[in-house]
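Asker: The following file, query10.cif, comprises mmCIF, C-alpha atoms:
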```cif
data_work
loop_
_atom_site.group_PDB
_atom_site.id
_atom_site.type_symbol
_atom_site.label_atom_id
_atom_site.label_comp_id
_atom_site.auth_asym_id
_atom_site.auth_seq_id
_atom_site.Cartn_x
_atom_site.Cartn_y
_atom_site.Cartn_z
ATOM 1 C CA MET A 499 3.193 7.290 34.663
ATOM 2 C CA ILE A 500 2.680 10.583 32.866
ATOM 3 C CA PHE A 501 3.964 9.115 29.605
ATOM 4 C CA LEU A 502 1.614 6.139 29.930
ATOM 5 C CA ILE A 503 -1.350 8.460 30.431
ATOM 6 C CA LEU A 504 -0.241 10.599 27.481
ATOM 7 C CA GLU A 505 0.115 7.532 25.265
ATOM 8 C CA HIS A 506 -3.337 6.345 26.356
ATOM 9 C CA ILE A 507 -4.842 9.754 25.517
ATOM 10 C CA LEU A 508 -3.136 9.946 22.101
ATOM 11 C CA THR A 509 -4.254 6.415 21.282
ATOM 12 C CA HIS A 510 -7.903 7.224 22.003
ATOM 13 C CA ILE A 511 -7.725 10.573 20.185
ATOM 14 C CA SER A 512 -6.220 8.993 17.059
ATOM 15 C CA PHE A 513 -8.830 6.216 17.097
ATOM 16 C CA SER A 514 -11.638 8.764 17.504
ATOM 17 C CA ILE A 515 -10.336 10.880 14.637
ATOM 18 C CA VAL A 516 -9.964 7.811 12.443
ATOM 19 C CA SER A 517 -13.533 6.730 13.252
ATOM 20 C CA ILE A 518 -14.770 10.122 12.063
ATOM 21 C CA VAL A 519 -12.489 10.387 9.015
ATOM 22 C CA ILE A 520 -13.359 6.945 7.588
ATOM 23 C CA PRO A 521 -17.025 7.727 6.703
ATOM 24 C CA ILE A 522 -16.114 11.279 5.604
ATOM 25 C CA TYR A 523 -13.422 9.964 3.260
ATOM 26 C CA LEU A 524 -15.707 7.263 1.821
ATOM 27 C CA ILE A 525 -18.428 9.847 1.134
ATOM 28 C CA ALA A 526 -15.852 12.188 -0.445
ATOM 29 C CA LEU A 527 -14.742 9.400 -2.771
ATOM 30 C CA LEU A 528 -18.311 8.640 -3.851
ATOM 31 C CA VAL A 529 -19.452 12.261 -4.190
ATOM 32 C CA ASP A 530 -16.843 14.338 -6.018
ATOM 33 C CA GLU A 531 -18.930 17.519 -5.990
ATOM 34 C CA ILE A 532 -18.618 18.027 -2.230
ATOM 35 C CA GLY A 533 -15.185 19.650 -1.964
ATOM 36 C CA ASN A 534 -15.577 20.519 1.712
ATOM 37 C CA LEU A 535 -15.703 16.834 2.613
ATOM 38 C CA TYR A 536 -12.387 16.237 0.879
ATOM 39 C CA ASP A 537 -10.772 19.115 2.764
ATOM 40 C CA SER A 538 -12.199 17.818 6.043
ATOM 41 C CA SER A 539 -10.820 14.347 5.410
ATOM 42 C CA GLU A 540 -7.399 15.801 4.597
ATOM 43 C CA LYS A 541 -7.396 17.833 7.801
ATOM 44 C CA GLY A 542 -8.384 14.688 9.670
ATOM 45 C CA MET A 543 -5.413 12.900 8.091
ATOM 46 C CA ILE A 544 -3.082 15.677 9.282
ATOM 47 C CA ALA A 545 -4.520 15.471 12.809
ATOM 48 C CA THR A 546 -4.085 11.688 12.765
ATOM 49 C CA PHE A 547 -0.496 12.088 11.609
ATOM 50 C CA PHE A 548 0.362 14.376 14.519
ATOM 51 C CA CYS A 549 -1.328 12.019 16.983
ATOM 52 C CA ILE A 550 0.642 9.062 15.637
ATOM 53 C CA THR A 551 3.857 11.091 15.722
ATOM 54 C CA GLY A 552 3.190 12.060 19.328
ATOM 55 C CA LEU A 553 2.404 8.449 20.142
ATOM 56 C CA LEU A 554 5.705 7.255 18.675
ATOM 57 C CA VAL A 555 7.723 9.971 20.409
ATOM 58 C CA THR A 556 6.023 9.306 23.755
ATOM 59 C CA ARG A 557 6.588 5.567 23.507
ATOM 60 C CA TRP A 558 10.213 6.140 22.479
ATOM 61 C CA THR A 559 10.800 8.507 25.411
ATOM 62 C CA TYR A 560 9.598 6.296 28.247
ATOM 63 C CA SER A 561 10.726 2.952 26.773
ATOM 64 C CA GLY A 562 14.249 4.130 25.975
ATOM 65 C CA HIS A 563 14.327 2.483 22.546
ATOM 66 C CA PHE A 564 12.875 3.198 19.124
ATOM 67 C CA PRO A 565 9.304 1.780 19.065
ATOM 68 C CA LEU A 566 9.788 -1.027 16.565
ATOM 69 C CA SER A 567 10.241 -3.993 18.904
ATOM 70 C CA ASN A 568 6.925 -5.786 18.255
ATOM 71 C CA LEU A 569 3.980 -5.943 15.878
ATOM 72 C CA TYR A 570 1.952 -3.277 17.678
ATOM 73 C CA GLU A 571 4.754 -0.734 17.430
ATOM 74 C CA SER A 572 5.548 -1.631 13.836
ATOM 75 C CA LEU A 573 1.872 -1.202 12.900
ATOM 76 C CA ILE A 574 1.940 2.287 14.405
ATOM 77 C CA PHE A 575 5.053 3.041 12.370
ATOM 78 C CA LEU A 576 3.351 1.534 9.319
ATOM 79 C CA SER A 577 0.346 3.855 9.640
ATOM 80 C CA TRP A 578 2.702 6.789 10.301
ATOM 81 C CA SER A 579 4.561 5.977 7.069
ATOM 82 C CA PHE A 580 1.297 5.835 5.101
ATOM 83 C CA SER A 581 0.307 9.181 6.612
ATOM 84 C CA ILE A 582 3.524 10.991 5.774
ATOM 85 C CA ILE A 583 3.481 9.695 2.185
ATOM 86 C CA HIS A 584 -0.057 11.042 1.912
ATOM 87 C CA ILE A 585 0.540 14.408 3.584
ATOM 88 C CA VAL A 586 3.663 15.506 1.672
ATOM 89 C CA PRO A 587 1.874 15.914 -1.711
ATOM 90 C CA TYR A 588 -1.108 17.516 0.041
ATOM 91 C CA LEU A 589 1.081 20.179 1.640
ATOM 92 C CA LYS A 590 2.558 20.880 -1.800
ATOM 93 C CA LYS A 591 -0.988 21.353 -3.133
ATOM 94 C CA LYS A 592 -0.549 18.482 -5.569
ATOM 95 C CA LYS A 593 -3.118 15.775 -6.117
ATOM 96 C CA HIS A 594 -2.276 12.436 -7.631
ATOM 97 C CA HIS A 595 -3.632 8.914 -7.671
ATOM 98 C CA LEU A 596 -1.366 7.801 -4.814
ATOM 99 C CA SER A 597 -3.474 9.722 -2.283
ATOM 100 C CA ALA A 598 -6.440 7.453 -3.002
ATOM 101 C CA ILE A 599 -4.269 4.565 -1.768
ATOM 102 C CA THR A 600 -2.343 6.096 1.117
ATOM 103 C CA ALA A 601 -5.287 7.730 2.911
ATOM 104 C CA PRO A 602 -7.451 4.598 3.350
ATOM 105 C CA SER A 603 -4.347 2.533 4.141
ATOM 106 C CA ALA A 604 -3.283 4.901 6.930
ATOM 107 C CA ILE A 605 -6.823 5.193 8.281
ATOM 108 C CA PHE A 606 -7.585 1.475 8.442
ATOM 109 C CA THR A 607 -4.115 0.512 9.701
ATOM 110 C CA GLN A 608 -4.274 3.009 12.552
ATOM 111 C CA GLY A 609 -7.885 2.065 13.246
ATOM 112 C CA PHE A 610 -6.965 -1.604 13.588
ATOM 113 C CA THR A 611 -3.875 -0.836 15.689
ATOM 114 C CA THR A 612 -5.710 1.322 18.222
ATOM 115 C CA SER A 613 -8.997 -0.619 18.225
ATOM 116 C CA GLY A 614 -7.974 -2.931 21.076
ATOM 117 C CA PHE A 615 -7.730 -6.157 19.055
ATOM 118 C CA LEU A 616 -4.033 -6.486 19.821
ATOM 119 C CA THR A 617 -3.306 -7.490 23.400
ATOM 120 C CA GLU A 618 -0.287 -8.158 25.582
ATOM 121 C CA ILE A 619 2.013 -6.105 23.342
ATOM 122 C CA HIS A 620 0.532 -2.666 23.910
ATOM 123 C CA GLN A 621 2.753 -2.123 26.906
ATOM 124 C CA SER A 622 6.387 -1.489 26.163
ATOM 125 C CA ALA A 623 8.721 -4.138 27.564
ATOM 126 C CA ILE A 624 12.442 -4.601 27.951
ATOM 127 C CA LEU A 625 14.024 -5.555 24.657
ATOM 128 C CA VAL A 626 15.029 -9.151 24.202
ATOM 129 C CA PRO A 627 18.814 -9.583 23.832
ATOM 130 C CA ALA A 628 18.573 -10.045 20.050
ATOM 131 C CA LEU A 629 16.939 -6.616 19.689
ATOM 132 C CA GLN A 630 19.409 -4.736 21.854
ATOM 133 C CA SER A 631 21.388 -3.490 18.899
ATOM 134 C CA GLU A 632 21.917 -0.324 16.896
ATOM 135 C CA TRP A 633 20.684 -2.249 13.870
ATOM 136 C CA LEU A 634 17.106 -2.166 15.211
ATOM 137 C CA ILE A 635 16.244 1.235 13.751
ATOM 138 C CA MET A 636 18.104 0.627 10.489
ATOM 139 C CA HIS A 637 16.713 -2.811 9.720
ATOM 140 C CA VAL A 638 13.106 -2.565 10.886
ATOM 141 C CA SER A 639 12.492 0.996 9.641
ATOM 142 C CA MET A 640 13.820 0.111 6.178
ATOM 143 C CA MET A 641 11.668 -3.019 6.053
ATOM 144 C CA VAL A 642 8.500 -1.192 7.134
ATOM 145 C CA LEU A 643 9.120 1.701 4.732
ATOM 146 C CA GLY A 644 9.723 -0.863 1.995
ATOM 147 C CA TYR A 645 6.449 -2.619 2.840
ATOM 148 C CA VAL A 646 4.563 0.690 2.770
ATOM 149 C CA ALA A 647 5.913 1.723 -0.635
ATOM 150 C CA LEU A 648 5.429 -1.743 -2.116
ATOM 151 C CA LEU A 649 1.863 -1.970 -0.782
ATOM 152 C CA CYS A 650 0.986 1.424 -2.263
ATOM 153 C CA GLY A 651 2.542 0.547 -5.608
ATOM 154 C CA SER A 652 0.822 -2.831 -5.644
ATOM 155 C CA LEU A 653 -2.576 -1.284 -4.963
ATOM 156 C CA LEU A 654 -2.008 1.109 -7.855
ATOM 157 C CA SER A 655 -1.298 -1.930 -10.026
ATOM 158 C CA VAL A 656 -4.525 -3.559 -8.815
ATOM 159 C CA ALA A 657 -6.401 -0.396 -9.826
ATOM 160 C CA LEU A 658 -4.657 -0.554 -13.214
ATOM 161 C CA LEU A 659 -5.844 -4.132 -13.710
ATOM 162 C CA VAL A 660 -9.427 -3.239 -12.787
ATOM 163 C CA ILE A 661 -9.530 -0.310 -15.232
ATOM 164 C CA THR A 662 -7.861 -2.367 -17.976
ATOM 165 C CA PHE A 663 -10.365 -5.197 -17.459
ATOM 166 C CA ARG A 664 -13.316 -2.811 -17.636
ATOM 167 C CA LYS A 665 -11.904 -1.175 -20.764
ATOM 168 C CA ASP A 666 -11.422 -4.545 -22.476
ATOM 169 C CA ILE A 667 -14.963 -5.575 -21.541
ATOM 170 C CA LYS A 668 -16.378 -2.403 -23.109
ATOM 171 C CA ILE A 669 -14.350 -2.875 -26.300
ATOM 172 C CA PHE A 670 -15.424 -6.523 -26.508
ATOM 173 C CA TYR A 671 -19.067 -5.541 -26.028
ATOM 174 C CA LYS A 672 -18.875 -2.860 -28.737
ATOM 175 C CA SER A 673 -17.128 -5.190 -31.174
ATOM 176 C CA ASN A 674 -19.787 -7.854 -30.669
ATOM 177 C CA ARG A 675 -22.532 -5.298 -31.173
ATOM 178 C CA LEU A 676 -20.883 -4.168 -34.424
ATOM 179 C CA VAL A 677 -20.680 -7.753 -35.662
ATOM 180 C CA ASN A 678 -24.333 -8.361 -34.817
ATOM 181 C CA GLU A 679 -25.442 -5.154 -36.479
ATOM 182 C CA SER A 680 -23.410 -5.887 -39.596
ATOM 183 C CA PHE A 681 -25.699 -8.833 -40.347
ATOM 184 C CA SER A 682 -28.595 -6.429 -40.650
ATOM 185 C CA PHE A 683 -28.590 -5.136 -44.254
ATOM 186 C CA ASP A 684 -30.629 -2.110 -43.260
ATOM 187 C CA LYS A 685 -27.928 -0.861 -40.888
ATOM 188 C CA ILE A 686 -24.891 -1.248 -43.140
ATOM 189 C CA GLN A 687 -25.172 2.282 -44.452
ATOM 190 C CA TYR A 688 -25.548 3.614 -40.898
ATOM 191 C CA ILE A 689 -22.410 1.778 -39.772
ATOM 192 C CA ASN A 690 -20.444 3.087 -42.724
ATOM 193 C CA GLU A 691 -21.468 6.610 -41.845
ATOM 194 C CA LYS A 692 -20.242 6.101 -38.269
ATOM 195 C CA SER A 693 -16.836 4.973 -39.488
ATOM 196 C CA ASP A 694 -14.019 7.028 -40.932
ATOM 197 C CA GLY A 695 -11.620 6.050 -43.686
ATOM 198 C CA PHE A 696 -9.842 3.590 -41.409
ATOM 199 C CA GLY A 697 -12.977 2.181 -39.812
ATOM 200 C CA ASN A 698 -11.791 2.947 -36.277
ATOM 201 C CA THR A 699 -14.010 5.831 -35.204
ATOM 202 C CA TYR A 700 -16.763 3.434 -34.175
ATOM 203 C CA PHE A 701 -14.498 1.902 -31.546
ATOM 204 C CA PHE A 702 -12.899 5.127 -30.421
ATOM 205 C CA SER A 703 -14.505 7.208 -27.694
ATOM 206 C CA ALA A 704 -13.538 9.800 -25.148
ATOM 207 C CA ASN A 705 -13.964 7.244 -22.359
ATOM 208 C CA ASN A 706 -11.435 4.919 -23.951
ATOM 209 C CA TYR A 707 -8.990 7.790 -24.327
ATOM 210 C CA TYR A 708 -9.282 8.834 -20.697
ATOM 211 C CA SER A 709 -9.024 5.205 -19.585
ATOM 212 C CA SER A 710 -5.809 4.817 -21.565
ATOM 213 C CA GLN A 711 -4.408 7.989 -20.040
ATOM 214 C CA LEU A 712 -5.335 6.836 -16.540
ATOM 215 C CA ILE A 713 -3.750 3.432 -17.141
ATOM 216 C CA GLN A 714 -0.505 5.103 -18.208
ATOM 217 C CA GLN A 715 -0.487 7.329 -15.129
ATOM 218 C CA LEU A 716 -1.203 4.408 -12.792
ATOM 219 C CA ASP A 717 1.551 2.378 -14.429
ATOM 220 C CA HIS A 718 3.952 5.320 -14.094
ATOM 221 C CA TRP A 719 3.229 5.915 -10.410
ATOM 222 C CA SER A 720 3.180 2.214 -9.586
ATOM 223 C CA TYR A 721 6.606 1.738 -11.154
ATOM 224 C CA ARG A 722 8.092 4.728 -9.322
ATOM 225 C CA VAL A 723 6.683 3.797 -5.912
ATOM 226 C CA ILE A 724 7.579 0.116 -6.203
ATOM 227 C CA SER A 725 11.110 1.024 -7.302
ATOM 228 C CA ILE A 726 11.552 3.099 -4.138
ATOM 229 C CA GLY A 727 10.058 0.341 -2.014
ATOM 230 C CA PHE A 728 12.336 -2.235 -3.617
ATOM 231 C CA ILE A 729 15.376 -0.160 -2.642
ATOM 232 C CA PHE A 730 14.153 0.107 0.956
ATOM 233 C CA LEU A 731 13.425 -3.634 1.060
ATOM 234 C CA THR A 732 16.886 -4.478 -0.295
ATOM 235 C CA ILE A 733 18.582 -2.271 2.304
ATOM 236 C CA GLY A 734 16.404 -3.804 5.017
ATOM 237 C CA ILE A 735 17.252 -7.367 4.025
ATOM 238 C CA LEU A 736 20.989 -6.653 3.777
ATOM 239 C CA SER A 737 21.073 -4.841 7.121
ATOM 240 C CA GLY A 738 19.053 -7.679 8.637
ATOM 241 C CA ALA A 739 21.600 -10.187 7.382
ATOM 242 C CA VAL A 740 24.448 -8.249 9.008
ATOM 243 C CA TRP A 741 22.452 -7.961 12.229
ATOM 244 C CA ALA A 742 21.622 -11.685 12.171
ATOM 245 C CA ASN A 743 25.301 -12.516 11.857
ATOM 246 C CA GLU A 744 26.069 -10.417 14.937
ATOM 247 C CA ALA A 745 23.152 -11.777 16.979
ATOM 248 C CA TRP A 746 22.942 -15.408 15.869
ATOM 249 C CA GLY A 747 26.280 -16.033 14.171
ATOM 250 C CA SER A 748 24.899 -16.556 10.674
ATOM 251 C CA TYR A 749 23.802 -14.279 7.831
ATOM 252 C CA TRP A 750 20.965 -16.647 6.872
ATOM 253 C CA ASN A 751 19.053 -18.934 9.224
ATOM 254 C CA TRP A 752 16.143 -20.170 7.091
ATOM 255 C CA ASP A 753 13.732 -18.406 9.421
ATOM 256 C CA PRO A 754 10.125 -18.123 8.065
ATOM 257 C CA LYS A 755 10.378 -14.336 8.143
ATOM 258 C CA GLU A 756 13.652 -14.416 6.212
ATOM 259 C CA ILE A 757 12.287 -16.840 3.643
ATOM 260 C CA TRP A 758 9.144 -14.818 2.950
ATOM 261 C CA ALA A 759 11.139 -11.573 2.848
ATOM 262 C CA PHE A 760 13.314 -13.138 0.152
ATOM 263 C CA ILE A 761 10.189 -14.347 -1.705
ATOM 264 C CA THR A 762 8.818 -10.798 -1.540
ATOM 265 C CA TRP A 763 12.083 -9.414 -2.876
ATOM 266 C CA THR A 764 12.087 -11.975 -5.709
ATOM 267 C CA VAL A 765 8.496 -11.212 -6.745
ATOM 268 C CA PHE A 766 9.146 -7.500 -7.035
ATOM 269 C CA ALA A 767 12.454 -8.102 -8.788
ATOM 270 C CA ILE A 768 10.406 -10.016 -11.373
ATOM 271 C CA TYR A 769 8.003 -7.059 -11.506
ATOM 272 C CA LEU A 770 10.819 -4.601 -12.234
ATOM 273 C CA HIS A 771 12.244 -6.911 -14.899
ATOM 274 C CA THR A 772 8.815 -7.293 -16.510
ATOM 275 C CA ARG A 773 8.074 -3.583 -16.278
ATOM 276 C CA THR A 774 11.301 -2.583 -18.036
ATOM 277 C CA ASN A 775 10.373 -4.775 -21.001
ATOM 278 C CA THR A 776 8.639 -2.244 -23.247
ATOM 279 C CA LYS A 777 7.253 -4.973 -25.519
ATOM 280 C CA LEU A 778 4.903 -6.204 -22.779
ATOM 281 C CA PRO A 779 1.664 -4.386 -21.863
ATOM 282 C CA PRO A 780 1.400 -2.744 -18.416
ATOM 283 C CA ALA A 781 -1.117 -5.366 -17.297
ATOM 284 C CA ASN A 782 1.578 -8.070 -17.273
ATOM 285 C CA SER A 783 3.729 -6.329 -14.675
ATOM 286 C CA ALA A 784 0.611 -5.249 -12.777
ATOM 287 C CA ILE A 785 -0.355 -8.903 -12.325
ATOM 288 C CA VAL A 786 3.047 -9.601 -10.755
ATOM 289 C CA ALA A 787 2.661 -6.593 -8.434
ATOM 290 C CA SER A 788 -0.819 -7.793 -7.422
ATOM 291 C CA ILE A 789 0.646 -11.144 -6.427
ATOM 292 C CA GLY A 790 3.328 -9.266 -4.521
ATOM 293 C CA PHE A 791 0.605 -7.454 -2.551
ATOM 294 C CA LEU A 792 -0.540 -10.772 -1.080
ATOM 295 C CA ILE A 793 3.037 -11.930 -0.485
ATOM 296 C CA ILE A 794 3.808 -8.782 1.528
ATOM 297 C CA TRP A 795 0.920 -9.382 3.917
ATOM 298 C CA ILE A 796 1.965 -12.996 4.370
ATOM 299 C CA CYS A 797 5.508 -11.881 5.160
ATOM 300 C CA TYR A 798 4.587 -8.965 7.400
ATOM 301 C CA PHE A 799 1.400 -10.127 9.092
ATOM 302 C CA GLY A 800 0.851 -13.820 8.374
ATOM 303 C CA ILE A 801 4.133 -15.015 9.877
ATOM 304 C CA ASN A 802 3.279 -13.175 13.093
ATOM 305 C CA LEU A 803 0.068 -15.168 13.354
ATOM 306 C CA LEU A 804 2.128 -18.363 13.576
ATOM 307 C CA GLY A 805 4.449 -17.021 16.265
ATOM 308 C CA ILE A 806 7.316 -19.302 15.265
ATOM 309 C CA GLY A 807 10.927 -18.818 14.273
ATOM 310 C CA LEU A 808 13.598 -16.378 15.355
ATOM 311 C CA HIS A 809 11.213 -13.447 14.815
ATOM 312 C CA SER A 810 8.549 -14.850 17.164
ATOM 313 C CA TYR A 811 8.846 -11.806 19.444
ATOM 314 C CA GLY A 812 6.658 -9.997 16.931
ATOM 315 C CA SER A 813 3.725 -12.393 17.384
ATOM 316 C CA PHE A 814 0.481 -11.394 19.038
ATOM 317 C CA THR A 815 -2.762 -12.692 20.426
ATOM 318 C CA LEU A 816 -6.293 -11.483 19.848
ATOM 319 C CA THR A 817 -8.797 -10.636 22.504
ATOM 320 C CA SER A 818 -11.335 -13.363 23.173
ATOM 321 C CA ASN A 819 -14.873 -12.801 24.397
#
```
Would you mind writing the file's structure down as structure tokens?
Answerer:
Amino acid sequence: MIFLILEHILTHISFSIVSIVIPIYLIALLVDEIGNLYDSSEKGMIATFFCITGLLVTRWTYSGHFPLSNLYESLIFLSWSFSIIHIVPYLKKKKHHLSAITAPSAIFTQGFTTSGFLTEIHQSAILVPALQSEWLIMHVSMMVLGYVALLCGSLLSVALLVITFRKDIKIFYKSNRLVNESFSFDKIQYINEKSDGFGNTYFFSANNYYSSQLIQQLDHWSYRVISIGFIFLTIGILSGAVWANEAWGSYWNWDPKEIWAFITWTVFAIYLHTRTNTKLPPANSAIVASIGFLIIWICYFGINLLGIGLHSYGSFTLTSN
């Protein structure tokens, strides 16, 4: 009873903190000059992390098993993973582009998990026979960590595509303006003065330089994070196959969850192959990663909406008015 009350308290505290941190973080993103808001949002993230950690430990203590047996528990672990990825660089006093992805992801995931939309699976229940195995922690934790890393890397690739698209639009606009001005005889001398010996100064600007630098950094971080996530996903799939053979007598059962996990693995294998090809621009691999972002949510969340297959114990229902 005490553990249930403690879990209830931690759930409401984490949701309250998240409700406060969300507007603070959005304002901090829009207004860079207010440094105190950024520090407040970071402290809120740390408080949320400790609440989620306490929630996981409490649920683990009174249930007797690691809290990864259903969608509600895996969502808590998902938000915890986002939080720890975000906090580690902050504690080292290092800022990088990944924090702009991990913070909102942790906030909104935890907000959705503790908002009360999920019903019937909040209370811990006795594990079904298939889950009563030592492979539970190994398989599910590796899969969730893989999803977290792949989602973060994919969002970085989406940001890369947005910046690349905006940069190309600006270059296209400037080139069209140059062509239109070149038809005006009075402005030919002015254009020549704006150009150097190679005729490239007109197109070059500080904004383009910084955009190129940012694109390279986003591509670098996206590749690193997705590579880590791909390793986690591979370990999770292999351990799941071994577990499936022990529980159901077959390494592969053509379950919807298994099929979409393999599709996810294939998409990001294509990403890594495309990314290692130095002849292709970063946008090509970023497009593959963006597709992978949607595939992950179908695999992780969409299949649970159907509630079918051997992984149907992870399904859920929504509250109805």
Asker: Show me, as a PyMOL selection string, the residues that have an atom within 9 Å of Trp741 of chain A when counting all atoms listed in the file, minus same-chain residues fewer than 3 positions from it.
Answerer: chain A and resi 628+631-634+637+736-738+744-746+749
Asker: Rank A:Ile713, A:Leu649, A:Ile503, A:Val642 by their smallest atom-to-atom distance to Thr732 of chain A, using only C-alpha atoms, and report the top residue only.
Answerer: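 Selected residue with least distance to Thr732 of chain A: A:Val642.
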Asker: Between A:Ala767, A:Ile511, A:Ile574, A:Ile550, single out the one closest to Ile724 of chain A, counting all atoms listed in the file.
Answerer: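 Using all atoms listed in the file, Ile724 of chain A sits closest to A:Ala767.
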Asker: With a cut-off of 12 Å, could you pull out the residues of segment 709-800 of chain A touching segment 561-571 of chain A and give me the nearest pair of atoms for each, distance in Å to one decimal, using all atoms listed in the file, ordered by chain and ascending number, as CSV?
Answerer:
```
residue,atom,partner,partner_atom,distance
A:Tyr798,CA,A:Leu569,CA,9.0
A:Phe799,CA,A:Leu569,CA,8.4
A:Gly800,CA,A:Leu569,CA,11.3
```
Asker: Which residue out of A:Ser709, A:Asn743, A:Thr762, A:Ser655 has the minimum interatomic distance to Val723 of chain A when all atoms listed in the file are used?
Answerer: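 Of the candidates, the smallest distance to Val723 of chain A is held by A:Ser655.
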Asker: Name the residues that the PyMOL selection byres ((chain A and resi 644) around 7) picks from the file above, as a list in words, using the file's chain letters and numbers.
Answerer: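 Applying the PyMOL selection byres ((chain A and resi 644) around 7) to the structure shown produces Met640, Met641, Val642, Leu643, Tyr645, Val646, Ala647, Leu648, Gly727, Phe728, Phe730 and Leu731 of chain A.
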Asker: Under the rule that all atoms listed in the file are counted, which of A:Phe766, A:Phe760, A:Trp558, A:Phe610 is the nearest residue to Cys797 of chain A?
Answerer: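 Closest residue, counting all atoms listed in the file: A:Phe760.
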Asker: Would you list the residues near (-7.7, 4.0, 13.5) (no more than 9 Å away, in the coordinates of the file, using all atoms listed in the file) as number ranges by chain?
Answerer: A: 509, 512-517, 520, 546, 577, 604-613
Asker: Give as a ChimeraX atom specification the residues that the PyMOL selection byres ((chain A and resi 790-793) around 8) matches when applied to the coordinates above.
Answerer: /A:648-649,652-653,758,761-762,765-766,786-789,794-797
Asker: Just the number, please: distance in Å from atom CA of Val638 of chain A to atom CA of Gly734 of chain A, one decimal.
Answerer: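 Taking atom CA of Val638 of chain A and atom CA of Gly734 of chain A, their separation equals 6.8 Å.
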Asker: What does the structure give for the distance between atom CA of Asn782 of chain A and atom CA of Ser725 of chain A, in Å to one decimal?
Answerer: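 That distance, rounded to one decimal, is 16.5 Å.
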Asker: Give, as JSON, the centre coordinates and the x, y and z edge lengths in Å to one decimal for an axis-aligned box around all listed atoms of segment 778-786 of chain A, padded by 8 Å on each side.
Answerer:
```
{"center_x": 1.9, "center_y": -6.2, "center_z": -16.8, "size_x": 22.0, "size_y": 22.9, "size_z": 28.0}
```
Asker: Tell me which of A:Ala739, A:Val586, A:Ile599, A:Cys650 sits closest to Ser720 of chain A, counting all atoms listed in the file.
Answerer: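 Checking each candidate against Ser720 of chain A, we get A:Cys650 as the closest.
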Asker: Skipping near chain neighbours, those fewer than 4 positions away, what residues fall within 9 Å of Asp717 of chain A using only C-alpha atoms, listed as an MDAnalysis selection string?
Answerer: chainID A and resid 654:655 658 712:713 721:722 780:781 783:784
Asker: Set the distance at 9 Å and use only C-alpha atoms: which residues neighbour Glu540 of chain A once local chain neighbours fewer than 6 positions away are removed? I'd like the list as a PyMOL selection string.
Answerer: chain A and resi 519+523+585+588+601
Asker: With C-alpha atoms retained, export the selected residues as a PDB file, in the frame of the given file.
Answerer:
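Result file follows (result.pdb):
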```
ATOM      1  CA  VAL A 519     -12.489  10.387   9.015  1.00  0.00           C
ATOM      2  CA  TYR A 523     -13.422   9.964   3.260  1.00  0.00           C
ATOM      3  CA  ILE A 585       0.540  14.408   3.584  1.00  0.00           C
ATOM      4  CA  TYR A 588      -1.108  17.516   0.041  1.00  0.00           C
ATOM      5  CA  ALA A 601      -5.287   7.730   2.911  1.00  0.00           C
TER       6      ALA A 601
END
```
Asker: Hey, can you check how far atom CA of Trp763 of chain A sits from atom CA of Pro587 of chain A?
Answerer: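 Computed distance, atom CA of Trp763 of chain A to atom CA of Pro587 of chain A, equals 27.3 Å.
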Asker: Would you mind completing segment 763-773 of chain A to N, CA and C atoms and writing the output as a PDB file, in the coordinates of the input?
Answerer:
```pdb
ATOM      1  N   TRP A 763      11.058 -10.093  -2.078  1.00  0.00           N
ATOM      2  CA  TRP A 763      12.083  -9.414  -2.876  1.00  0.00           C
ATOM      3  C   TRP A 763      12.142 -10.004  -4.282  1.00  0.00           C
ATOM      4  N   THR A 764      12.031 -11.314  -4.402  1.00  0.00           N
ATOM      5  CA  THR A 764      12.087 -11.975  -5.709  1.00  0.00           C
ATOM      6  C   THR A 764      10.899 -11.584  -6.584  1.00  0.00           C
ATOM      7  N   VAL A 765       9.706 -11.549  -5.981  1.00  0.00           N
ATOM      8  CA  VAL A 765       8.496 -11.212  -6.745  1.00  0.00           C
ATOM      9  C   VAL A 765       8.607  -9.810  -7.332  1.00  0.00           C
ATOM     10  N   PHE A 766       9.069  -8.862  -6.534  1.00  0.00           N
ATOM     11  CA  PHE A 766       9.146  -7.500  -7.035  1.00  0.00           C
ATOM     12  C   PHE A 766      10.363  -7.283  -7.934  1.00  0.00           C
ATOM     13  N   ALA A 767      11.371  -8.129  -7.805  1.00  0.00           N
ATOM     14  CA  ALA A 767      12.454  -8.102  -8.788  1.00  0.00           C
ATOM     15  C   ALA A 767      11.921  -8.560 -10.152  1.00  0.00           C
ATOM     16  N   ILE A 768      11.051  -9.560 -10.134  1.00  0.00           N
ATOM     17  CA  ILE A 768      10.406 -10.016 -11.373  1.00  0.00           C
ATOM     18  C   ILE A 768       9.531  -8.897 -11.939  1.00  0.00           C
ATOM     19  N   TYR A 769       8.830  -8.183 -11.052  1.00  0.00           N
ATOM     20  CA  TYR A 769       8.003  -7.059 -11.506  1.00  0.00           C
ATOM     21  C   TYR A 769       8.858  -6.019 -12.230  1.00  0.00           C
ATOM     22  N   LEU A 770       9.968  -5.625 -11.626  1.00  0.00           N
ATOM     23  CA  LEU A 770      10.819  -4.601 -12.234  1.00  0.00           C
ATOM     24  C   LEU A 770      11.382  -5.079 -13.571  1.00  0.00           C
ATOM     25  N   HIS A 771      11.736  -6.365 -13.638  1.00  0.00           N
ATOM     26  CA  HIS A 771      12.244  -6.911 -14.899  1.00  0.00           C
ATOM     27  C   HIS A 771      11.144  -6.904 -15.961  1.00  0.00           C
ATOM     28  N   THR A 772       9.930  -7.272 -15.562  1.00  0.00           N
ATOM     29  CA  THR A 772       8.815  -7.293 -16.510  1.00  0.00           C
ATOM     30  C   THR A 772       8.442  -5.882 -16.938  1.00  0.00           C
ATOM     31  N   ARG A 773       8.474  -4.962 -15.992  1.00  0.00           N
ATOM     32  CA  ARG A 773       8.074  -3.583 -16.278  1.00  0.00           C
ATOM     33  C   ARG A 773       9.042  -2.897 -17.245  1.00  0.00           C
TER      34      ARG A 773
END
```
